[in-house]
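Take a look at the structure set out below.
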Amino acid sequence: MSEERVERLLAEVHDDFGMIRVFEVEDYRFLEFGDAIEQSCVFTTDPSWLEYDYTRAMLIGALCHAAPESALFLGLGAGTLTQACLKFLPLEDVEAIELRPDVPRLAIEYMGLDDDPRLYIRIGDAVQMLPSAEPADLIFVDLYNDLGPAPGHLAWTFLENCQKKLLPNGWLVINQWATDDGKPLGAALLRGLFHRHYWELPVKEGNVILLVPSDLDQTLDLDALTARAQTLASRLGYSLESLIKAIRPAT
């Protein structure tokens, strides 16, 4: 009979938006918002390890770019995806915008987020602060609270401005909820906004990762993407091949 897993609370803070908890179970630490809404999971031995398929799918979005030098993260969480991108990509300049000041503090104190000199964290509302962000090769939108996706996930002007912030050949990577039919939340709006010129990657957690190029002339080179993922596989410790095979054109 296996022993029951012991959950240990490491931190609990309350801010204007509610409660944030950090707890530990064996070799993993979890960041939670509100009433047990898990936001992030970190493997304490290796904080750059991506435990969930949706974070691995977002890394695939990063690999759509041949050689990204800059990245913008809208929503930081525990910083696992940020850590992975800093570790595995040739990035020189990374900016993260996080709404809640306690989130990066807890990520650094408990979740293994490195104080990397390439990383610059700003506190505030991503929708309001986007205009002052630097253009980037990669932009990640992962804005969730304990109730689900933040309004920015379905705000036409905000998503349009995210795409406009991309440098040439850049990629916008959006972690979107999926509806019951497997399509991304707001699919009709997304089709109109991006002229059906994007790709979707559904994952088992019930999300659909959107891969949006900077313009209509840019396409997704699946062979090059697969080759970059295969090159990284031994360093990552897992294969991205099955996820890459699940990529589909906008539906």
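Chain identifiers are assigned as A, B, and so on, following the order in which chains appear in the structure tokens; residues are numbered from 1 within each chain, and ligands are numbered from 1 in order of appearance.
Omitting segment 218-229 of chain A and its sequence neighbours fewer than 2 positions away, and counting only C-alpha atoms, the residues within 7 Å are Leu63, Cys64, Asn169, Pro213, Ser214, Asp215, Leu216, Thr231, Leu232, Ala233 and Leu240 of chain A.
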May I have all residues of segment 34-119 of chain A that DSSP, computed from the backbone, assigns to helix (DSSP H, G or I), given as a list in words?
Asp53, Tyr54, Thr55, Arg56, Ala57, Met58, Leu59, Ile60, Gly61, Ala62, Leu63, Thr80, Leu81, Thr82, Gln83, Ala84, Cys85, Leu86, Lys87, Phe88, Asp102, Val103, Pro104, Arg105, Leu106, Ala107, Ile108, Glu109 and Tyr110 of chain A
Report as CSV: every residue of segment 184-210 of chain A with an atom at most 10 Å from segment 147-164 of chain A, its closest pair of atoms, and their distance in Å to one decimal, counting only C-alpha atoms, with rows sorted by chain and ascending residue number.
```
residue,atom,partner,partner_atom,distance
A:Leu185,CA,A:Leu154,CA,8.0
A:Gly186,CA,A:Leu154,CA,6.4
A:Ala187,CA,A:Leu154,CA,9.4
A:Leu189,CA,A:Trp156,CA,7.5
A:Leu190,CA,A:Trp156,CA,8.2
A:Gly192,CA,A:Trp156,CA,9.5
A:Leu193,CA,A:Trp156,CA,7.0
A:Phe194,CA,A:Glu160,CA,8.2
```
Atoms to include: N, CA and C atoms. Write the selected residues as a PDB file, in the first residue's frame.
```pdb
ATOM      1  N   LEU A 185     -11.714  29.190 -27.083  1.00  0.00           N
ATOM      2  CA  LEU A 185     -12.707  30.170 -26.665  1.00  0.00           C
ATOM      3  C   LEU A 185     -12.583  31.425 -27.534  1.00  0.00           C
ATOM      4  N   GLY A 186     -13.717  31.890 -28.042  1.00  0.00           N
ATOM      5  CA  GLY A 186     -13.690  33.078 -28.907  1.00  0.00           C
ATOM      6  C   GLY A 186     -13.216  32.790 -30.312  1.00  0.00           C
ATOM      7  N   ALA A 187     -13.427  31.579 -30.805  1.00  0.00           N
ATOM      8  CA  ALA A 187     -12.893  31.178 -32.114  1.00  0.00           C
ATOM      9  C   ALA A 187     -13.346  32.111 -33.237  1.00  0.00           C
ATOM     10  N   LEU A 189     -14.127  35.285 -33.131  1.00  0.00           N
ATOM     11  CA  LEU A 189     -13.370  36.536 -33.035  1.00  0.00           C
ATOM     12  C   LEU A 189     -11.935  36.337 -33.514  1.00  0.00           C
ATOM     13  N   LEU A 190     -11.321  35.242 -33.100  1.00  0.00           N
ATOM     14  CA  LEU A 190      -9.934  34.981 -33.471  1.00  0.00           C
ATOM     15  C   LEU A 190      -9.786  34.799 -34.977  1.00  0.00           C
ATOM     16  N   GLY A 192     -11.584  36.132 -37.267  1.00  0.00           N
ATOM     17  CA  GLY A 192     -11.701  37.438 -37.907  1.00  0.00           C
ATOM     18  C   GLY A 192     -10.474  38.303 -37.675  1.00  0.00           C
ATOM     19  N   LEU A 193     -10.005  38.303 -36.450  1.00  0.00           N
ATOM     20  CA  LEU A 193      -8.866  39.155 -36.093  1.00  0.00           C
ATOM     21  C   LEU A 193      -7.606  38.766 -36.849  1.00  0.00           C
ATOM     22  N   PHE A 194      -7.336  37.462 -36.902  1.00  0.00           N
ATOM     23  CA  PHE A 194      -6.088  36.981 -37.502  1.00  0.00           C
ATOM     24  C   PHE A 194      -6.295  36.419 -38.910  1.00  0.00           C
TER      25      PHE A 194
END
```
Considering only C-alpha atoms, return as a PyMOL selection string whatever protein or nucleic-acid residues lie within 8 Å of Glu200 of chain A, sequence-local ones (same chain, fewer than 6 positions apart) excluded.
chain A and resi 208-211+247-251
Generate the output file for the selected residues, N, CA and C atoms, as an mmCIF file, in the first residue's frame.
```cif
data_model
loop_
_atom_site.group_PDB
_atom_site.id
_atom_site.type_symbol
_atom_site.label_atom_id
_atom_site.label_comp_id
_atom_site.auth_asym_id
_atom_site.auth_seq_id
_atom_site.Cartn_x
_atom_site.Cartn_y
_atom_site.Cartn_z
ATOM 1 N N VAL A 208 -6.218 25.249 -25.656
ATOM 2 C CA VAL A 208 -5.739 25.260 -27.037
ATOM 3 C C VAL A 208 -4.693 26.369 -27.132
ATOM 4 N N ILE A 209 -3.488 26.000 -27.514
ATOM 5 C CA ILE A 209 -2.426 26.984 -27.691
ATOM 6 C C ILE A 209 -2.513 27.509 -29.114
ATOM 7 N N LEU A 210 -2.559 28.831 -29.251
ATOM 8 C CA LEU A 210 -2.640 29.481 -30.564
ATOM 9 C C LEU A 210 -1.255 29.957 -30.975
ATOM 10 N N LEU A 211 -0.871 29.653 -32.190
ATOM 11 C CA LEU A 211 0.420 30.053 -32.751
ATOM 12 C C LEU A 211 0.132 31.045 -33.871
ATOM 13 N N ILE A 247 -0.631 19.759 -34.112
ATOM 14 C CA ILE A 247 -0.858 21.120 -34.628
ATOM 15 C C ILE A 247 -1.792 21.064 -35.835
ATOM 16 N N ARG A 248 -2.745 21.969 -35.868
ATOM 17 C CA ARG A 248 -3.732 22.023 -36.965
ATOM 18 C C ARG A 248 -3.927 23.473 -37.398
ATOM 19 N N PRO A 249 -4.325 23.688 -38.642
ATOM 20 C CA PRO A 249 -4.665 25.051 -39.071
ATOM 21 C C PRO A 249 -5.871 25.570 -38.284
ATOM 22 N N ALA A 250 -6.028 26.863 -38.248
ATOM 23 C CA ALA A 250 -7.153 27.482 -37.533
ATOM 24 C C ALA A 250 -8.475 26.839 -37.971
ATOM 25 N N THR A 251 -9.332 26.539 -36.975
ATOM 26 C CA THR A 251 -10.613 25.922 -37.276
ATOM 27 C C THR A 251 -11.759 26.892 -37.053
#
```
